[in-house]
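Containing compact mmCIF, C-alpha atoms: coords-v9.txt.
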```txt
# COMPACT_ATOMS: atom_id res chain seq x y z
CA MET A 1 0.00 0.00 0.00
CA GLU A 2 1.62 3.17 -1.17
CA THR A 3 -0.78 5.71 0.33
CA ASP A 4 -3.53 5.99 2.92
CA ALA A 5 -6.03 6.45 0.07
CA VAL A 6 -5.01 3.15 -1.52
CA ALA A 7 -5.28 1.42 1.86
CA MET A 8 -8.75 2.93 2.38
CA ASP A 9 -9.89 1.80 -1.09
CA PHE A 10 -8.70 -1.73 -0.36
CA ALA A 11 -10.42 -1.73 3.05
CA LYS A 12 -13.69 -0.52 1.51
CA ALA A 13 -13.52 -3.20 -1.18
CA TYR A 14 -12.82 -5.88 1.43
CA VAL A 15 -15.76 -4.79 3.60
CA ALA A 16 -18.06 -4.58 0.56
CA SER A 17 -17.16 -8.13 -0.46
CA ARG A 18 -17.69 -9.59 3.04
CA LYS A 19 -20.59 -7.57 4.46
CA ASP A 20 -23.35 -10.04 3.52
CA THR A 21 -23.44 -13.29 5.46
CA THR A 22 -23.61 -16.48 3.43
CA ILE A 23 -23.15 -20.16 4.12
CA ARG A 24 -19.43 -20.82 4.01
CA ILE A 25 -17.18 -23.73 3.21
CA ASP A 26 -14.06 -22.84 5.18
CA ALA A 27 -11.94 -25.87 4.39
CA LEU A 28 -11.64 -28.98 2.29
CA SER A 29 -9.80 -32.04 3.62
CA LEU A 30 -8.49 -34.89 1.48
CA ASP A 31 -7.45 -38.27 2.86
CA LEU A 32 -4.60 -39.11 0.52
CA MET A 33 -4.20 -42.65 1.86
CA THR A 34 -7.60 -43.64 0.45
CA PRO A 35 -7.07 -46.53 -2.01
CA SER A 36 -7.34 -45.61 -5.73
CA TYR A 37 -7.64 -41.88 -4.94
CA THR A 38 -5.44 -40.62 -7.77
CA ALA A 39 -7.55 -37.49 -8.39
CA GLY A 40 -7.24 -36.42 -4.75
CA VAL A 41 -3.48 -36.95 -4.69
CA ILE A 42 -3.04 -34.97 -7.91
CA ALA A 43 -5.21 -32.15 -6.54
CA ALA A 44 -3.30 -32.08 -3.24
CA LEU A 45 0.02 -31.81 -5.03
CA ASN A 46 -1.03 -29.32 -7.71
CA LEU A 47 -3.34 -26.83 -5.96
CA ASP A 48 -1.72 -23.64 -4.72
CA TYR A 49 -2.67 -20.36 -3.08
CA PHE A 50 -5.36 -18.37 -4.92
CA ASP A 51 -6.27 -21.28 -7.22
CA PRO A 52 -10.04 -21.33 -7.81
CA VAL A 53 -11.92 -24.48 -6.77
CA THR A 54 -15.59 -25.39 -7.04
CA ILE A 55 -16.75 -27.36 -4.01
CA THR A 56 -20.10 -29.09 -3.58
CA ASN A 57 -21.00 -30.06 -0.02
CA THR A 58 -23.92 -32.44 0.56
CA THR A 59 -25.44 -32.27 4.04
CA ASP A 60 -26.87 -35.22 5.99
CA SER A 61 -30.38 -34.09 5.04
CA GLY A 62 -29.51 -34.25 1.32
CA SER A 63 -29.33 -30.52 0.53
CA THR A 64 -26.28 -29.30 -1.35
CA ILE A 65 -24.16 -26.18 -1.24
CA THR A 66 -21.92 -25.37 -4.21
CA LYS A 67 -19.34 -22.60 -3.97
CA THR A 68 -16.51 -21.37 -6.15
CA LEU A 69 -13.74 -20.38 -3.76
CA GLN A 70 -10.02 -19.69 -3.69
CA ILE A 71 -7.37 -21.69 -1.88
CA GLN A 72 -6.07 -19.51 0.98
CA GLY A 73 -4.02 -22.02 2.95
CA VAL A 74 -2.61 -25.54 2.78
CA ALA A 75 -1.80 -27.89 5.67
CA HIS A 76 -0.47 -31.44 5.52
CA ASP A 77 -0.89 -33.79 8.50
CA ILE A 78 1.43 -36.70 7.73
CA THR A 79 2.08 -39.69 9.99
CA PRO A 80 3.47 -43.14 9.11
CA ASN A 81 -0.08 -44.41 8.45
CA SER A 82 -1.97 -41.32 7.25
CA TRP A 83 -1.74 -38.24 5.07
CA ILE A 84 -4.50 -35.65 5.36
CA THR A 85 -4.24 -32.47 3.30
CA THR A 86 -6.51 -29.60 4.29
CA PHE A 87 -7.07 -26.59 2.06
CA ALA A 88 -8.37 -23.44 3.75
CA THR A 89 -10.80 -21.73 1.38
CA MET A 90 -12.26 -18.29 1.11
CA GLU A 91 -14.37 -16.33 -1.31
CA PRO A 92 -12.30 -14.00 -3.50
CA ILE A 93 -11.97 -10.51 -2.05
CA ILE A 94 -13.57 -9.02 -5.15
CA ASP A 95 -14.95 -10.81 -8.16
CA GLY A 96 -13.45 -9.21 -11.20
CA PHE A 97 -11.91 -10.00 -14.51
CA ILE A 98 -9.25 -12.65 -14.77
CA LEU A 99 -8.24 -13.39 -18.33
CA ASP A 100 -8.95 -16.95 -19.45
CA SER A 101 -11.42 -17.45 -16.59
CA THR A 102 -15.05 -18.46 -16.68
CA LEU A 103 -15.20 -18.47 -12.87
CA TYR A 104 -14.64 -14.79 -12.08
CA GLY A 105 -15.64 -12.86 -15.17
CA ILE A 106 -15.69 -12.90 -18.93
CA LEU A 107 -14.28 -9.93 -20.84
CA ASP A 108 -17.00 -8.01 -22.74
CA THR A 109 -19.70 -10.02 -20.91
CA SER A 110 -19.43 -9.63 -17.13
CA VAL A 111 -19.63 -6.49 -15.00
CA LEU A 112 -16.71 -5.19 -12.95
CA SER A 113 -17.91 -3.66 -9.68
CA TYR A 114 -17.97 -3.92 -5.91
```

Write out the structure in this file as structure tokens.
Amino acid sequence: METDAVAMDFAKAYVASRKDTTIRIDALSLDLMTPSYTAGVIAALNLDYFDPVTITNTTDSGSTITKTLQIQGVAHDITPNSWITTFATMEPIIDGFILDSTLYGILDTSVLSY
């Protein structure tokens, strides 16, 4: 942040993007010792900070929640008999335009605002 005005603009954007409460998916855990779980292992090794992921969570009652989120943290819990990778997730600070992205905006189609 180069100036107080830039810091204030960022703070306003952050508050605007988080002011409305929604159902959240704060983390995604993968058990990498599950037999024949190649897709999970590849995801755990390839995903990185700020990568977009679409997560669908099915509750015990059968309802589903689908969110497109960003990876904000990675933790590995490795023991001799287990390997659990947990990705902390968060909604993007501001949805905007990212070239070559259908998740956050399409040039000449979507609206850029906060």

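Interatomic distance, atom CA of A:Tyr49 to atom CA of A:Thr64: 25.3 Å.
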
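Counting all atoms listed in the file and comparing A:Ile84, A:Leu47, A:Ala39, A:Met90, the residue that lies closest to A:Ser17 is A:Met90.
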
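The residue set within 9 Å of A:Lys67, counting only C-alpha atoms and dropping same-chain residues fewer than 2 places from it, reads A:Arg24, A:Ile25, A:Val53, A:Thr54, A:Ile55, A:Thr56, A:Asn57, A:Ile65, A:Leu69, A:Glu91.
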
Please produce a file of those selected residues containing C-alpha atoms, as a CSV table (one decimal), in the coordinates of the input.
```
chain,number,residue,atom,x,y,z
A,24,ARG,CA,-19.4,-20.8,4.0
A,25,ILE,CA,-17.2,-23.7,3.2
A,53,VAL,CA,-11.9,-24.5,-6.8
A,54,THR,CA,-15.6,-25.4,-7.0
A,55,ILE,CA,-16.8,-27.4,-4.0
A,56,THR,CA,-20.1,-29.1,-3.6
A,57,ASN,CA,-21.0,-30.1,0.0
A,65,ILE,CA,-24.2,-26.2,-1.2
A,69,LEU,CA,-13.7,-20.4,-3.8
A,91,GLU,CA,-14.4,-16.3,-1.3
```

* **Interatomic distance, atom CA of A:Glu2 to atom CA of A:Gln72 (Å, one decimal)** =>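 Computing the Euclidean distance for atom CA of A:Glu2 and atom CA of A:Gln72 yields 24.0 Å.
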
Might I get the box with edges along x, y and z of the file that holds all atoms of stretch 25-31 of chain A listed there, padded by 8 Å on every side, given as centre and edge lengths in Å to one decimal, as JSON?
```
{"center_x": -12.3, "center_y": -30.6, "center_z": 3.3, "size_x": 25.7, "size_y": 31.4, "size_z": 19.7}
```

* To do: Anything within 12 Å of (-2.2, -31.9, -6.5): list those residues as a ChimeraX atom specification, counting all atoms listed in the file and sticking to the file's coordinates.
  => /A:30,32,37-48,51,74,85-87

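One finds atom CA of A:Thr89 at 7.0 Å from atom CA of A:Gly73.
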